[in-house]
Structures are given as C-alpha cells and as structure tokens.
Amino acid sequence: MNRRFSIVTLKENTKEETLEILKGIKGYYESYHQIKIDNVLLKELIELVDCHIKNRTYPDKAIDILDLSCVKAKFYHEKELTKNRIVETIEKYLNITIHHQMDYQKLEKQLNKDILGQEKGIHQMIETFQHKQLPISFFIYGPTSCGKTLTAKSLAKYLNYHYLKLDMNQYQESHSLYKLLETYHEKPSLLLSTLQSYPHTVLLLDHIDQACEEIIHLFSQIFDDGYYEDQAKRKISFENVVFIMSQTGTSRCCMGFKKSRQTKYLKHELFDKVDQIIEYQPLSKEIIEKIIHLREHISIEKIHNLLKEEHIPINLSKMMKQIKQMS
C-alpha cells in the first residue's frame, strides 16, 4: 500500500485564513437566507469560536456556526446577522452559558447556600475566578463529607458546565495512564471523549494523593500547555476546564501526598502550578444539624460518618425524631 499511496498531511487553517474563507462564502449564505452579514462580524464570530469551541478544527467549526446563526436569524425574520445571535448559537451548540460579565457575588451566595460551613474557602475560590482566566485549578483538602465533592457539582451547576469526576484511587498503577487516556476494553477514554464533547467542564480529581506518578506528571503538563496531544496527534483542549483536586486530610501537613508513594519533587511539580489551595474546615455540631434538617434525603450512613469524623456526641435517634416533628 505504501508503494501505491502517499500520506498527505493537511494543516488546519489559521484564523486569518478562515476569515478569508468566510468572506468568500458569505455571499451564498446571504443569498440563501436573505440576510446581511458584515465582514467585521465574521471576525467576531471567529474570535468567539476560537474561545469556546476548542476540540474541532478550522474552517469547519466557524462555517458551522455561521450557518446555524443564519438559520436562527432567518427564523426570527432578521435582516442582518448580529453578534448576539452568534453567541446564542454557540451557547445552544455547546449547551453552555457564555458569561460576558460573571456575577461573582451571586455565585458566592449560591455556593454558600449549597455548601454549608465553608464560607472562607468558597470566598478564596471566588477571588481566584475574579483574577484568573480559564483554565483554573484548585486543590481542596479537608475531612470526609465536608463539601469537597459538592463544591465541584455545585460549581458546574451554576456555571452551566459539564461535571466529570475521576476517582484517582482507580489510577494508582503506572499502567493507569493508558486506562485514562486511551481506548480501554473497547471503551473510549472517559476523560478525552468528555472533553471533546464538553469542552466547558468542571473536572474533579478526587483523592488526587492516590494517583500514580505518571498521572501526576500528565496533569502537570496539561496545566502548563492547556491541552493533551493523543496518539493521532490530535490536540484535546483543556483551556475551558475548571480543575478541582481533592484530598482527605485535616491539616496542611497532610498536603503533598504524605501517605502515598509520591516524591517530594512530584509534590512541588503539581502544587506549584495550582492556582489556589483551599482548606475546608471540619463541620460543627450546629452545621451538621442544619444539613440534616435541610436535606431530608441524606442517608443515615452519611450522618454517621459526619458525626464519627468530628467526634460529635449527638443522639442520632433523638435528632431524627426532632427533625420529623419540625417538618
């Protein structure tokens, strides 16, 4: 086959080349959809596509958004394509909300409503969002059932991002890197396939201290580069990802994977690149009672773990009776 055929590698068009392509074909869309398309708007379209649609190539992704935007504009009987219509199209295409001006005060209130007793840590997180663009990485440590996982879920909910949790205790051996990144037992990589479909993702790396050295090094590189290049030389973007790494522990001395096999070098390799390290506090008796009262669906097992973790002497049966009487 190699004697008969030659491999021809086609490079992706640049943004500048894509702009010229769009200018060349816009007449067809104007004629078909009976709508005016300004050249300045085409440049804005490319910038929006470049910012939000990472794991597809030019010019296809720009042409698709142009076409879909024109369809929407025609549906609403508009005479001219607008930036708002393009933004709306991208939001629908990716199932996200494009935050031109994030209401950080509102986000902080929403998170504090969901995650009780961690006001200081949540404030640190919000401050990081205010001063840092995506991708953003957080390391959250604290006792069991103090709100680390719920923080990631709630953040995804309020940002309208996809949520993905990877339990790092399943990636303790060196071959785990292959399991994480490549097709495994005929199943595509959960991480990469998710990022291709949902570039805007809150990624929770739970129990990060239990991950093998290769996994730690991988995410260290991703923090540097903002992407991962697979075996087919395709770049999977992580530029719109919020990373949350969690570890169970109740003091700063637990940080750096003290109980794991990680080296001191690996500790600094990853932690030097984390945008914010946040300590979650043990929950007080009052907070635990409030959680139980507000969340009637909470399991008895979780209540038991909360009380055991904090050594809080509460008569569980008596408390549940009181809650039932109050509700």
# chains A, B, ... in the order shown; residues from 1 in each chain; ligands from 1
$ residues_around --residues "Lys109 of chain A" --least-positions-apart "4" --cutoff "10 Å" --atoms "only C-alpha atoms" --output "list in words"
Tyr104, Gln105, Lys113, Asp114, Ile115, Glu119, Ile122 and His123 of chain A
$ closest_atom_pairs --of "segment 66-144 of chain A" --to "segment 221-238 of chain A" --cutoff "10 Å" --atoms "only C-alpha atoms" --output "CSV"
residue,atom,partner,partner_atom,distance
A:Leu134,CA,A:Phe238,CA,8.9
A:Pro135,CA,A:Phe238,CA,6.9
A:Ile136,CA,A:Phe223,CA,8.8
A:Ser137,CA,A:Phe223,CA,8.2
$ residues_around --residues "Ala62 of chain A" --least-positions-apart "4" --cutoff "8 Å" --atoms "only C-alpha atoms" --output "list in words"
Thr18, Leu45, Ile46, Val49, Tyr58 and Leu66 of chain A
$ write_last_selection --atoms "C-alpha atoms" --output "tab-separated table (two decimals), in the first residue's frame"
chain	number	residue	atom	x	y	z
A	18	THR	CA	-10.58	31.11	7.94
A	45	LEU	CA	-17.53	35.11	15.02
A	46	ILE	CA	-14.07	33.59	14.61
A	49	VAL	CA	-15.47	30.21	18.07
A	58	TYR	CA	-10.94	25.50	11.25
A	66	LEU	CA	-22.11	30.83	10.63
$ atom_distance --atom1 "atom CA of Asp275 of chain A" --atom2 "atom CA of Gln133 of chain A"
10.5 Å
$ closest_residue --among "A:His207, A:Lys106, A:Lys165, A:Lys79" --to "Gly142 of chain A" --atoms "only C-alpha atoms"
A:His207
$ residues_around --residues "Leu111 of chain A" --least-positions-apart "3" --cutoff "12 Å" --atoms "only C-alpha atoms" --output "VMD selection string"
chain A and resid 104 to 108 114 to 123 125 to 126 147 to 148 150 to 159
$ select_by_dssp --residues "segment 53-202 of chain A" --states "helix (DSSP H, G or I)" --output "PyMOL selection string"
chain A and resi 60-75+83-94+104-114+119-131+148-159+168-170+176-181+190-197
$ atom_distance --atom1 "atom CA of Ile86 of chain A" --atom2 "atom CA of Ser69 of chain A"
5.4 Å
